[in-house]
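S.K.: Okay, so here is structure.csv, and as you'll see once you scroll down, it has CSV, C-alpha atoms.
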chain,number,residue,atom,x,y,z
A,1,MET,CA,13.8,16.1,61.0
A,2,ILE,CA,11.1,17.7,58.9
A,3,ALA,CA,8.7,14.8,58.3
A,4,GLY,CA,7.2,12.7,61.0
A,5,ASN,CA,5.3,9.5,60.6
A,6,THR,CA,3.1,9.3,57.5
A,7,ARG,CA,-0.6,9.2,58.1
A,8,ALA,CA,-2.5,7.4,55.5
A,9,PHE,CA,-6.0,8.5,54.4
A,10,SER,CA,-8.1,6.6,52.0
A,11,ALA,CA,-11.4,7.4,50.3
A,12,GLN,CA,-13.7,5.4,48.1
A,13,ARG,CA,-12.2,4.8,44.7
A,14,TYR,CA,-14.4,5.9,41.8
A,15,GLU,CA,-14.3,5.1,38.1
A,16,ILE,CA,-13.4,8.0,35.9
A,17,ARG,CA,-16.5,9.4,34.4
A,18,ASP,CA,-17.5,8.4,30.9
A,19,PHE,CA,-18.4,11.1,28.4
A,20,HIS,CA,-20.4,10.4,25.3
A,21,VAL,CA,-21.5,11.8,22.0
A,22,CYS,CA,-24.6,10.6,20.1
A,23,PHE,CA,-25.1,11.1,16.4
A,24,GLU,CA,-26.9,9.5,13.4
A,25,ILE,CA,-25.6,8.9,9.9
A,26,GLY,CA,-27.8,7.6,7.2
A,27,GLY,CA,-30.4,6.5,9.7
A,28,VAL,CA,-27.8,4.6,11.8
A,29,PRO,CA,-27.5,5.9,15.3
A,30,PHE,CA,-24.1,5.8,17.1
A,31,VAL,CA,-23.1,6.5,20.7
A,32,LEU,CA,-19.3,6.9,21.2
A,33,THR,CA,-18.0,6.9,24.8
A,34,ALA,CA,-14.6,7.9,26.1
A,35,LYS,CA,-13.1,9.1,29.3
A,36,ASP,CA,-11.5,12.2,27.8
A,37,PRO,CA,-14.0,15.1,27.6
A,38,ALA,CA,-11.8,17.1,25.2
A,39,PHE,CA,-11.8,14.2,22.8
A,40,ILE,CA,-15.6,13.9,23.0
A,41,ALA,CA,-15.9,17.7,22.5
A,42,MET,CA,-13.8,17.3,19.4
A,43,LEU,CA,-16.1,14.6,18.0
A,44,GLU,CA,-19.2,16.8,18.9
A,45,ASN,CA,-17.7,19.5,16.7
A,46,ARG,CA,-16.8,17.1,13.9
A,47,TYR,CA,-20.2,15.5,13.8
A,48,ALA,CA,-22.1,18.7,14.7
A,49,ASN,CA,-24.7,18.5,11.9
A,50,PHE,CA,-25.5,14.9,12.9
A,51,LEU,CA,-25.8,15.1,16.7
A,52,ARG,CA,-28.8,13.6,18.5
A,53,GLU,CA,-30.0,14.6,21.9
A,54,ARG,CA,-31.3,11.2,23.0
A,55,VAL,CA,-29.5,7.9,23.0
A,56,CYS,CA,-31.4,5.5,20.8
A,57,ALA,CA,-31.9,1.9,22.1
A,58,ARG,CA,-30.7,0.4,18.8
A,59,ALA,CA,-27.7,2.6,18.6
A,60,VAL,CA,-24.3,1.2,17.8
A,61,ARG,CA,-22.3,1.7,21.0
A,62,ILE,CA,-18.6,2.2,20.8
A,63,ARG,CA,-16.2,2.6,23.7
A,64,ILE,CA,-13.1,4.4,22.7
A,65,GLU,CA,-10.0,3.6,24.8
A,66,LEU,CA,-7.5,6.4,24.1
A,67,THR,CA,-3.9,5.4,23.9
A,68,PRO,CA,-0.8,7.7,23.7
A,69,PRO,CA,0.1,8.7,20.1
A,70,TRP,CA,3.3,6.6,20.2
A,71,CYS,CA,1.3,3.4,20.6
A,72,ALA,CA,0.4,3.6,16.9
A,73,THR,CA,2.1,0.9,14.9
A,74,GLY,CA,3.1,2.9,11.9
A,75,ASP,CA,1.7,2.4,8.4
A,76,ALA,CA,0.2,-1.1,8.8
A,77,GLY,CA,-2.6,-1.6,6.2
A,78,LEU,CA,-6.2,-2.1,7.0
A,79,GLU,CA,-7.3,-5.6,8.0
A,80,ILE,CA,-10.9,-6.7,8.6
A,81,TYR,CA,-11.9,-10.1,9.6
A,82,PHE,CA,-14.6,-12.0,11.5
A,83,LYS,CA,-13.4,-13.7,14.7
A,84,GLY,CA,-15.7,-15.5,17.0
A,85,ALA,CA,-18.8,-13.4,17.0
A,86,ARG,CA,-17.0,-10.2,16.4
A,87,TRP,CA,-15.6,-8.2,13.6
A,88,VAL,CA,-12.0,-7.2,14.0
A,89,MET,CA,-10.8,-4.0,12.3
A,90,LYS,CA,-7.2,-2.9,12.6
A,91,ARG,CA,-4.8,-0.5,11.0
A,92,GLY,CA,-1.7,1.2,12.1
A,93,ASP,CA,-3.6,3.8,14.0
A,94,PHE,CA,-6.4,1.8,15.5
A,95,TYR,CA,-7.6,-1.6,16.7
A,96,ALA,CA,-11.3,-2.2,16.9
A,97,GLU,CA,-13.6,-5.1,17.8
A,98,TRP,CA,-17.3,-5.0,17.2
A,99,ASP,CA,-20.2,-7.4,17.7
A,100,ARG,CA,-22.6,-6.4,14.9
A,101,ASP,CA,-25.5,-8.4,16.4
A,102,LEU,CA,-25.2,-6.8,19.8
A,103,GLY,CA,-24.3,-3.4,18.3
A,104,ARG,CA,-21.4,-2.9,20.7
A,105,GLY,CA,-17.7,-2.5,20.2
A,106,THR,CA,-14.4,-1.1,21.4
A,107,VAL,CA,-11.8,0.9,19.7
A,108,ARG,CA,-8.2,1.5,20.8
A,109,GLN,CA,-6.7,4.6,19.2
A,110,SER,CA,-5.0,7.8,20.0
A,111,ALA,CA,-7.0,11.0,20.3
A,112,ASN,CA,-7.3,11.9,16.7
A,113,PRO,CA,-10.6,12.0,14.7
A,114,TYR,CA,-9.3,10.1,11.6
A,115,ALA,CA,-9.1,6.7,13.2
A,116,ILE,CA,-12.7,6.8,14.6
A,117,ASP,CA,-13.9,8.2,11.2
A,118,SER,CA,-12.5,5.2,9.5
A,119,VAL,CA,-13.9,2.8,12.0
A,120,ILE,CA,-17.4,4.4,11.7
A,121,ARG,CA,-17.2,4.1,7.9
A,122,ILE,CA,-16.3,0.4,8.1
A,123,MET,CA,-19.1,-0.3,10.5
A,124,LEU,CA,-21.6,1.7,8.4
A,125,SER,CA,-20.6,-0.2,5.3
A,126,LEU,CA,-21.2,-3.5,7.1
A,127,ILE,CA,-24.5,-2.4,8.6
A,128,LEU,CA,-25.8,-0.9,5.3
A,129,ALA,CA,-24.9,-4.1,3.4
A,130,ARG,CA,-27.7,-5.8,5.4
A,131,GLN,CA,-30.1,-3.0,4.9
A,132,ARG,CA,-30.0,-2.6,1.1
A,133,GLY,CA,-27.6,0.4,1.3
A,134,PHE,CA,-24.0,1.3,0.8
A,135,LEU,CA,-21.5,4.1,1.1
A,136,LEU,CA,-20.4,5.6,-2.3
A,137,HIS,CA,-17.2,7.4,-3.2
A,138,SER,CA,-19.2,10.4,-4.5
A,139,ALA,CA,-20.1,14.0,-3.9
A,140,SER,CA,-23.9,14.6,-3.6
A,141,ALA,CA,-26.3,17.5,-3.2
A,142,VAL,CA,-30.0,18.0,-2.9
A,143,ARG,CA,-31.6,20.4,-5.4
A,144,GLY,CA,-35.4,20.9,-5.8
A,145,GLY,CA,-36.0,18.1,-3.3
A,146,ARG,CA,-34.0,15.5,-5.2
A,147,ALA,CA,-30.5,14.2,-4.7
A,148,PHE,CA,-27.8,14.1,-7.4
A,149,LEU,CA,-24.7,12.0,-7.0
A,150,PHE,CA,-21.3,12.8,-8.6
A,151,CYS,CA,-19.2,9.7,-8.5
A,152,GLY,CA,-15.6,9.2,-9.2
A,153,VAL,CA,-12.1,8.4,-8.0
A,154,SER,CA,-9.9,11.0,-6.4
A,155,GLY,CA,-9.1,13.8,-8.9
A,156,SER,CA,-12.3,13.2,-10.9
A,157,GLY,CA,-13.8,16.5,-9.7
A,158,LYS,CA,-16.1,15.6,-6.8
A,159,THR,CA,-14.8,18.5,-4.7
A,160,THR,CA,-14.8,20.9,-7.7
A,161,ILE,CA,-18.4,20.2,-8.5
A,162,ALA,CA,-19.4,20.4,-4.8
A,163,ARG,CA,-17.6,23.8,-4.5
A,164,MET,CA,-19.5,25.2,-7.5
A,165,ALA,CA,-22.9,24.0,-6.2
A,166,PRO,CA,-25.5,26.8,-6.4
A,167,ARG,CA,-27.1,28.4,-3.3
A,168,ASP,CA,-30.4,26.7,-3.8
A,169,SER,CA,-28.7,23.3,-3.2
A,170,ALA,CA,-27.8,21.5,0.0
A,171,LEU,CA,-24.5,19.6,0.1
A,172,LEU,CA,-24.7,16.0,1.3
A,173,SER,CA,-20.9,15.4,1.0
A,174,ASP,CA,-18.1,16.2,-1.3
A,175,GLU,CA,-16.5,12.8,-0.7
A,176,ILE,CA,-18.6,9.9,0.6
A,177,SER,CA,-22.4,9.6,0.2
A,178,CYS,CA,-24.7,7.3,2.0
A,179,LEU,CA,-27.4,5.5,-0.1
A,180,ARG,CA,-30.3,3.4,1.2
A,181,CYS,CA,-33.3,1.7,-0.4
A,182,THR,CA,-36.6,2.8,1.2
A,183,ALA,CA,-40.2,1.9,0.5
A,184,SER,CA,-40.3,4.9,-1.9
A,185,GLY,CA,-37.0,4.2,-3.7
A,186,TYR,CA,-33.3,5.0,-3.1
A,187,TYR,CA,-32.5,7.9,-0.8
A,188,ALA,CA,-29.2,9.8,-0.4
A,189,PHE,CA,-28.2,10.9,3.1
A,190,GLY,CA,-25.7,13.5,4.1
A,191,THR,CA,-22.5,12.4,5.8
A,192,PRO,CA,-19.9,14.1,7.9
A,193,PHE,CA,-17.1,12.6,5.8
A,194,ALA,CA,-15.6,15.5,4.0
A,195,GLY,CA,-13.0,15.5,1.2
A,196,ASP,CA,-10.8,18.4,0.1
A,197,LEU,CA,-13.7,20.8,0.7
A,198,GLY,CA,-13.3,20.2,4.4
A,199,VAL,CA,-17.0,20.8,5.1
A,200,ALA,CA,-19.4,18.2,6.6
A,201,GLY,CA,-22.5,17.5,4.7
A,202,ALA,CA,-26.0,18.5,5.8
A,203,ALA,CA,-28.0,16.0,7.8
A,204,VAL,CA,-30.8,15.7,5.3
A,205,ALA,CA,-32.0,13.0,2.9
A,206,ALA,CA,-33.7,13.1,-0.5
A,207,PRO,CA,-34.8,10.7,-3.2
A,208,VAL,CA,-32.0,10.0,-5.7
A,209,ALA,CA,-32.7,11.7,-9.0
A,210,ALA,CA,-29.6,10.7,-10.9
A,211,LEU,CA,-26.1,9.2,-10.6
A,212,TYR,CA,-23.3,10.9,-12.6
A,213,PHE,CA,-19.9,9.5,-13.3
A,214,LEU,CA,-17.6,12.5,-13.5
A,215,ARG,CA,-15.1,13.4,-16.2
A,216,GLN,CA,-13.6,16.8,-16.7
A,217,GLY,CA,-13.5,18.1,-20.3
A,218,PRO,CA,-13.8,21.2,-22.4
A,219,ARG,CA,-17.6,21.5,-22.4
A,220,ASN,CA,-20.5,20.3,-20.3
A,221,ARG,CA,-22.2,17.2,-21.6
A,222,ILE,CA,-24.4,14.4,-20.2
A,223,GLU,CA,-24.4,11.0,-21.8
A,224,PRO,CA,-26.7,8.4,-20.4
A,225,ILE,CA,-25.3,4.9,-19.8
A,226,ASP,CA,-27.1,1.7,-19.5
A,227,PRO,CA,-27.6,-0.2,-16.3
A,228,PRO,CA,-24.9,-2.9,-16.8
A,229,ARG,CA,-22.3,-0.2,-17.4
A,230,ALA,CA,-23.6,1.9,-14.5
A,231,VAL,CA,-23.4,-1.1,-12.1
A,232,ALA,CA,-19.8,-1.9,-13.3
A,233,GLN,CA,-18.7,1.7,-12.5
A,234,LEU,CA,-20.8,1.8,-9.4
A,235,MET,CA,-19.1,-1.3,-7.9
A,236,ARG,CA,-15.7,0.3,-8.4
A,237,ASN,CA,-16.8,3.2,-6.3
A,238,ILE,CA,-18.7,1.5,-3.4
A,239,LEU,CA,-16.8,1.6,-0.2
A,240,PHE,CA,-16.7,-2.0,1.1
A,241,PHE,CA,-13.7,-3.1,3.1
A,242,ALA,CA,-14.5,-6.6,4.4
A,243,LYS,CA,-13.7,-9.8,2.7
A,244,ASP,CA,-17.1,-11.2,3.6
A,245,CYS,CA,-18.9,-13.3,1.0
A,246,GLU,CA,-22.4,-12.8,2.3
A,247,ALA,CA,-22.1,-9.1,2.8
A,248,GLY,CA,-20.3,-8.7,-0.6
A,249,ALA,CA,-23.1,-10.5,-2.4
A,250,GLN,CA,-25.6,-8.3,-0.6
A,251,VAL,CA,-23.8,-5.2,-1.8
A,252,PHE,CA,-23.7,-6.5,-5.3
A,253,GLU,CA,-27.4,-7.2,-5.3
A,254,THR,CA,-28.2,-3.7,-4.0
A,255,ALA,CA,-25.9,-2.2,-6.6
A,256,CYS,CA,-27.7,-4.1,-9.4
A,257,ASP,CA,-31.0,-3.0,-8.0
A,258,PHE,CA,-29.8,0.6,-7.8
A,259,GLY,CA,-28.4,0.5,-11.3
A,260,ALA,CA,-31.8,-0.8,-12.6
A,261,ARG,CA,-33.8,1.9,-10.9
A,262,VAL,CA,-31.7,5.0,-10.9
A,263,ASP,CA,-30.8,7.0,-14.1
A,264,ALA,CA,-27.1,7.0,-14.6
A,265,ALA,CA,-25.0,9.1,-17.0
A,266,GLU,CA,-21.4,10.2,-17.7
A,267,LEU,CA,-21.1,13.9,-16.8
A,268,THR,CA,-18.3,15.7,-18.7
A,269,PHE,CA,-17.9,19.1,-17.2
A,270,LYS,CA,-15.6,22.1,-17.4
A,271,ALA,CA,-14.6,23.7,-14.1
A,272,ASP,CA,-17.1,26.5,-14.0
A,273,PRO,CA,-20.6,26.7,-12.4
A,274,THR,CA,-22.4,26.4,-15.7
A,275,VAL,CA,-22.4,22.7,-15.3
A,276,TRP,CA,-25.1,23.1,-12.6
A,277,GLU,CA,-27.5,24.3,-15.4
A,278,LEU,CA,-27.7,20.7,-16.5
A,279,ILE,CA,-28.3,19.4,-13.0
A,280,ARG,CA,-32.0,19.8,-12.3
B,1,MET,CA,-12.9,-32.2,-20.0
B,2,ASN,CA,-14.5,-34.2,-22.9
B,3,ASP,CA,-15.8,-37.7,-22.1
B,4,SER,CA,-15.7,-40.5,-24.7
B,5,THR,CA,-18.8,-39.0,-26.4
B,6,GLY,CA,-17.3,-35.5,-26.4
B,7,LYS,CA,-20.0,-34.2,-24.0
B,8,LYS,CA,-19.4,-31.3,-21.7
B,9,TYR,CA,-21.6,-30.4,-18.7
B,10,ILE,CA,-21.5,-27.0,-17.3
B,11,SER,CA,-22.7,-25.7,-13.9
B,12,ARG,CA,-22.5,-22.3,-12.2
B,13,SER,CA,-20.0,-21.8,-9.4
B,14,GLN,CA,-21.5,-21.4,-6.0
B,15,ALA,CA,-19.0,-18.5,-5.3
B,16,VAL,CA,-20.8,-16.0,-7.4
B,17,ALA,CA,-23.6,-13.5,-7.2
B,18,ALA,CA,-25.5,-13.0,-10.4
B,19,ARG,CA,-28.3,-10.7,-11.6
B,20,MET,CA,-30.0,-10.0,-14.9
B,21,LEU,CA,-29.9,-6.3,-15.9
B,22,GLY,CA,-31.9,-5.7,-19.0
B,23,GLU,CA,-30.6,-8.3,-21.5
B,24,GLU,CA,-27.2,-8.7,-19.8
B,25,MET,CA,-26.2,-10.9,-16.9
B,26,MET,CA,-24.0,-9.3,-14.3
B,27,ILE,CA,-21.9,-11.7,-12.3
B,28,MET,CA,-19.6,-11.0,-9.4
B,29,SER,CA,-17.0,-13.5,-8.1
B,30,ILE,CA,-17.4,-13.6,-4.4
B,31,ARG,CA,-13.7,-14.6,-4.0
B,32,ASP,CA,-12.2,-11.5,-5.5
B,33,SER,CA,-15.1,-9.2,-6.3
B,34,ALA,CA,-14.3,-9.4,-10.0
B,35,LEU,CA,-17.2,-8.4,-12.2
B,36,PHE,CA,-18.3,-9.9,-15.4
B,37,SER,CA,-21.1,-9.0,-17.8
B,38,LEU,CA,-22.6,-11.5,-20.3
B,39,ASN,CA,-24.3,-10.5,-23.5
B,40,PRO,CA,-27.8,-12.1,-24.3
B,41,THR,CA,-26.3,-15.2,-25.9
B,42,ALA,CA,-23.8,-15.8,-23.1
B,43,SER,CA,-26.5,-15.1,-20.6
B,44,ALA,CA,-28.7,-17.8,-22.2
B,45,ILE,CA,-25.9,-20.3,-21.8
B,46,TRP,CA,-25.2,-19.2,-18.2
B,47,GLN,CA,-28.8,-19.6,-17.2
B,48,ALA,CA,-29.1,-23.0,-18.7
B,49,ALA,CA,-25.9,-24.3,-17.0
B,50,ASP,CA,-27.6,-26.8,-14.7
B,51,GLY,CA,-24.8,-29.4,-14.6
B,52,VAL,CA,-26.9,-32.1,-16.2
B,53,THR,CA,-27.8,-30.9,-19.7
B,54,PRO,CA,-25.0,-31.5,-22.2
B,55,LEU,CA,-23.5,-28.2,-23.5
B,56,ARG,CA,-24.4,-29.2,-27.1
B,57,GLU,CA,-28.0,-29.5,-26.1
B,58,ILE,CA,-28.0,-26.2,-24.3
B,59,VAL,CA,-26.6,-24.6,-27.4
B,60,GLU,CA,-29.3,-26.2,-29.6
B,61,ARG,CA,-32.1,-25.0,-27.3
B,62,ALA,CA,-30.9,-21.7,-26.1
B,63,ILE,CA,-28.9,-20.4,-29.1
B,64,VAL,CA,-29.5,-22.2,-32.4
B,65,ALA,CA,-33.3,-22.2,-31.9
B,66,HIS,CA,-33.3,-18.4,-31.4
B,67,PHE,CA,-30.4,-17.0,-33.4
B,68,GLU,CA,-29.2,-17.2,-37.0
B,69,VAL,CA,-26.2,-19.4,-36.5
B,70,GLU,CA,-24.9,-22.8,-37.6
B,71,PRO,CA,-25.0,-25.4,-34.8
B,72,ASP,CA,-21.3,-26.3,-35.1
B,73,THR,CA,-20.3,-22.6,-35.1
B,74,ALA,CA,-22.5,-21.9,-32.1
B,75,TYR,CA,-21.1,-24.9,-30.3
B,76,ARG,CA,-17.5,-23.9,-31.0
B,77,ASP,CA,-18.2,-20.4,-29.7
B,78,ALA,CA,-20.0,-21.8,-26.7
B,79,VAL,CA,-17.0,-24.0,-25.8
B,80,GLU,CA,-14.7,-21.0,-26.1
B,81,LEU,CA,-17.0,-19.0,-23.8
B,82,VAL,CA,-17.4,-21.6,-21.1
B,83,GLU,CA,-13.7,-22.3,-21.0
B,84,ALA,CA,-13.1,-18.6,-20.5
B,85,LEU,CA,-15.6,-18.4,-17.8
B,86,ALA,CA,-14.2,-21.5,-16.2
B,87,GLY,CA,-10.8,-19.9,-16.3
B,88,HIS,CA,-12.2,-17.2,-14.1
B,89,GLY,CA,-13.7,-19.7,-11.7
B,90,ILE,CA,-17.3,-18.6,-12.2
B,91,LEU,CA,-18.4,-21.7,-14.2
B,92,LYS,CA,-17.4,-25.4,-13.8
B,93,ILE,CA,-17.0,-27.8,-16.7
B,94,ALA,CA,-17.3,-31.6,-16.2
B,95,ALA,CA,-17.2,-34.7,-18.4
B,96,GLU,CA,-20.1,-36.3,-16.4
B,97,PRO,CA,-23.5,-34.9,-15.5
B,98,ALA,CA,-23.8,-33.7,-11.9
B,99,ARG,CA,-25.6,-36.1,-9.5
B,100,SER,CA,-28.7,-34.6,-7.9
I'd like the structure from this file rewritten - as structure tokens, please.
M.R.:
Amino acid sequence: MIAGNTRAFSAQRYEIRDFHVCFEIGGVPFVLTAKDPAFIAMLENRYANFLRERVCARAVRIRIELTPPWCATGDAGLEIYFKGARWVMKRGDFYAEWDRDLGRGTVRQSANPYAIDSVIRIMLSLILARQRGFLLHSASAVRGGRAFLFCGVSGSGKTTIARMAPRDSALLSDEISCLRCTASGYYAFGTPFAGDLGVAGAAVAAPVAALYFLRQGPRNRIEPIDPPRAVAQLMRNILFFAKDCEAGAQVFETACDFGARVDAAELTFKADPTVWELIR
Amino acid sequence: MNDSTGKKYISRSQAVAARMLGEEMMIMSIRDSALFSLNPTASAIWQAADGVTPLREIVERAIVAHFEVEPDTAYRDAVELVEALAGHGILKIAAEPARS
């Protein structure tokens, strides 16, 4: 007989430690918490330009509960709705609930950065709607202290124009820009949401000088467009996911205000850096 | 939607957000986020759509008084416009004035 009587020992049970990452996008602070330090380290790397040392009291706090990859439910489309006092956001790869007034929420997802990226974009779009701001499907860059927006659907040339940006500019994003109205007009903020360029934007902000709707063509040309046309195009490119009447009306109101105050034009460009000679 | 006297009353839907931009009215349907833009004459009719003023009177005041157009022509065009807007759910047409 090898084993004798089993002796049982017990110690105090402890909760597994939480790890967190703090960052700020477009003036909106976030604190993400999870129990997996490797996942948090991955997010720190992803949001490196936007990290903050201190946890802000008004931060949006999100607890991430990591699930095994096989828990994802395939290609289910995005659903967003308001239930009780909470927003519910779900897609094949995540399920999230968020109390916007308390600024707290939980996300169930596997350990990949894309799901939490999507959740943050949705939350940002809802937060910004109340603060005279929005996320725009556009590349953007700061040059000479002013921000220029290059708006268009996939394939219109956002990444191309971002890739050709001169050295004296700072890239805010090649895919999704953050716009907010301040006391001194509309400002564009950098975001970590990268497109094909695969590079996060700089965590800087600058007053918006112009909004360009991109079109690729044989020569570089800028044609101004009037505010109603600009707003119509702008609305097609604003990221807003929720079917919420109040927030939708707020976004429309902000888009109209933006269209009335910011110069807009169609920018036809050929794929070489000379286009940036027009952007000043 | 004509009553016995042929009057029509128009009112703006509650399920829209609208804003004047320059001389044009931009309207968004809250239900489906569809966007509409109205030119200055259509904007004038939209802004006067209070649910209690007959459409013909709106046309007289807001269109005929300001533009070179025959009253009957302006009214016919206005009826066509308001029926199109009603078809998109952003304007309501009634045979009776709205009760306040």
S.K.: Residues near Pro40 (chain B), anyone? I mean within 12 Å using all atoms listed in the file, not counting same-chain ones fewer than 3 positions away, as a count of residues only.
M.R.: 17
S.K.: Which residues are close to region 12-17 of chain B, i.e. within 12 Å by all atoms listed in the file, leaving aside same-chain residues fewer than 3 positions away? Reply as a CSV table (one decimal) with C-alpha atoms, keeping the file's coordinate frame.
M.R.:
chain,number,residue,atom,x,y,z
A,244,ASP,CA,-17.1,-11.2,3.6
A,245,CYS,CA,-18.9,-13.3,1.0
A,246,GLU,CA,-22.4,-12.8,2.3
A,247,ALA,CA,-22.1,-9.1,2.8
A,248,GLY,CA,-20.3,-8.7,-0.6
A,249,ALA,CA,-23.1,-10.5,-2.4
A,250,GLN,CA,-25.6,-8.3,-0.6
A,251,VAL,CA,-23.8,-5.2,-1.8
A,252,PHE,CA,-23.7,-6.5,-5.3
A,253,GLU,CA,-27.4,-7.2,-5.3
A,254,THR,CA,-28.2,-3.7,-4.0
A,255,ALA,CA,-25.9,-2.2,-6.6
A,256,CYS,CA,-27.7,-4.1,-9.4
B,9,TYR,CA,-21.6,-30.4,-18.7
B,20,MET,CA,-30.0,-10.0,-14.9
B,25,MET,CA,-26.2,-10.9,-16.9
B,26,MET,CA,-24.0,-9.3,-14.3
B,27,ILE,CA,-21.9,-11.7,-12.3
B,28,MET,CA,-19.6,-11.0,-9.4
B,29,SER,CA,-17.0,-13.5,-8.1
B,30,ILE,CA,-17.4,-13.6,-4.4
B,31,ARG,CA,-13.7,-14.6,-4.0
B,32,ASP,CA,-12.2,-11.5,-5.5
B,33,SER,CA,-15.1,-9.2,-6.3
B,34,ALA,CA,-14.3,-9.4,-10.0
B,35,LEU,CA,-17.2,-8.4,-12.2
B,36,PHE,CA,-18.3,-9.9,-15.4
B,37,SER,CA,-21.1,-9.0,-17.8
B,43,SER,CA,-26.5,-15.1,-20.6
B,45,ILE,CA,-25.9,-20.3,-21.8
B,46,TRP,CA,-25.2,-19.2,-18.2
B,47,GLN,CA,-28.8,-19.6,-17.2
B,48,ALA,CA,-29.1,-23.0,-18.7
B,49,ALA,CA,-25.9,-24.3,-17.0
B,50,ASP,CA,-27.6,-26.8,-14.7
B,51,GLY,CA,-24.8,-29.4,-14.6
B,52,VAL,CA,-26.9,-32.1,-16.2
B,82,VAL,CA,-17.4,-21.6,-21.1
B,85,LEU,CA,-15.6,-18.4,-17.8
B,86,ALA,CA,-14.2,-21.5,-16.2
B,87,GLY,CA,-10.8,-19.9,-16.3
B,88,HIS,CA,-12.2,-17.2,-14.1
B,89,GLY,CA,-13.7,-19.7,-11.7
B,90,ILE,CA,-17.3,-18.6,-12.2
B,91,LEU,CA,-18.4,-21.7,-14.2
B,92,LYS,CA,-17.4,-25.4,-13.8
B,93,ILE,CA,-17.0,-27.8,-16.7
B,94,ALA,CA,-17.3,-31.6,-16.2
B,98,ALA,CA,-23.8,-33.7,-11.9
S.K.: List the residues sitting within 10 Å of (-17.3, -24.1, -24.1) in the file's frame, using all atoms listed in the file, as a list in words.
M.R.: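 Answer for this query, in the requested form: Lys8, Tyr9, Ile10, Ile45, Leu55, Arg56, Val59, Ala74, Tyr75, Arg76, Asp77, Ala78, Val79, Glu80, Leu81, Val82, Glu83, Ala84, Leu85, Ala86 and Ile93 of chain B.
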S.K.: Any chance you could export the current selection's C-alpha atoms as an mmCIF file, in the coordinates of the input?
M.R.:
data_model
loop_
_atom_site.group_PDB
_atom_site.id
_atom_site.type_symbol
_atom_site.label_atom_id
_atom_site.label_comp_id
_atom_site.auth_asym_id
_atom_site.auth_seq_id
_atom_site.Cartn_x
_atom_site.Cartn_y
_atom_site.Cartn_z
ATOM 1 C CA LYS B 8 -19.400 -31.300 -21.700
ATOM 2 C CA TYR B 9 -21.600 -30.400 -18.700
ATOM 3 C CA ILE B 10 -21.500 -27.000 -17.300
ATOM 4 C CA ILE B 45 -25.900 -20.300 -21.800
ATOM 5 C CA LEU B 55 -23.500 -28.200 -23.500
ATOM 6 C CA ARG B 56 -24.400 -29.200 -27.100
ATOM 7 C CA VAL B 59 -26.600 -24.600 -27.400
ATOM 8 C CA ALA B 74 -22.500 -21.900 -32.100
ATOM 9 C CA TYR B 75 -21.100 -24.900 -30.300
ATOM 10 C CA ARG B 76 -17.500 -23.900 -31.000
ATOM 11 C CA ASP B 77 -18.200 -20.400 -29.700
ATOM 12 C CA ALA B 78 -20.000 -21.800 -26.700
ATOM 13 C CA VAL B 79 -17.000 -24.000 -25.800
ATOM 14 C CA GLU B 80 -14.700 -21.000 -26.100
ATOM 15 C CA LEU B 81 -17.000 -19.000 -23.800
ATOM 16 C CA VAL B 82 -17.400 -21.600 -21.100
ATOM 17 C CA GLU B 83 -13.700 -22.300 -21.000
ATOM 18 C CA ALA B 84 -13.100 -18.600 -20.500
ATOM 19 C CA LEU B 85 -15.600 -18.400 -17.800
ATOM 20 C CA ALA B 86 -14.200 -21.500 -16.200
ATOM 21 C CA ILE B 93 -17.000 -27.800 -16.700
#
S.K.: Using only C-alpha atoms, which protein or nucleic acid residues come within 9 Å of Asp272 (chain A)? Drop anything in the same chain fewer than 4 positions from it, and give the result as a list in words.
M.R.: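 Selected residues are Thr160, Ile161, Met164 and Trp276 of chain A.
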S.K.: With 9 Å as the threshold, what does the neighbourhood of (-17.3, -3.5, 8.4) contain in terms of residues, counting only C-alpha atoms? Coordinates are those of the file; answer as a ChimeraX atom specification.
M.R.: /A:80-81,87-89,98,100,119-127,240-242
S.K.: Work out how far apart CA of Thr33 (chain A) and CA of Thr106 (chain A) are and give it in Å to one decimal.
M.R.: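 These atoms are spaced 9.4 Å apart.
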S.K.: Quote the spacing between CA of Ala210 (chain A) and CA of Ala264 (chain A) in Å to one decimal place.
M.R.: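 Going from CA of Ala210 (chain A) over to CA of Ala264 (chain A) covers 5.8 Å.
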S.K.: Could you state the separation of CA of Gln109 (chain A) and CA of Glu15 (chain A) in Å, given to one decimal place?
M.R.: 20.4 Å
S.K.: Would you please work out which residue, of B:Ser11, B:Leu38, B:Ala95, B:Arg61, is nearest to chain A when using only C-alpha atoms?
M.R.: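 The answer is B:Leu38, which sits nearest to chain A.
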S.K.: So which one's closest to Ala203 (chain A), A:Leu149, A:Cys178, A:Ala59, A:Leu32? Using only C-alpha atoms, please.
M.R.: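 Among the listed residues, the smallest separation from Ala203 (chain A) belongs to A:Cys178.
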S.K.: Write out as a list in words the residues lying within 8 Å of Leu197 (chain A), counting only C-alpha atoms and excluding same-chain residues fewer than 6 positions away.
M.R.: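 Contacts, with the query itself left out: Thr159, Ala162, Arg163 and Asp174 of chain A.
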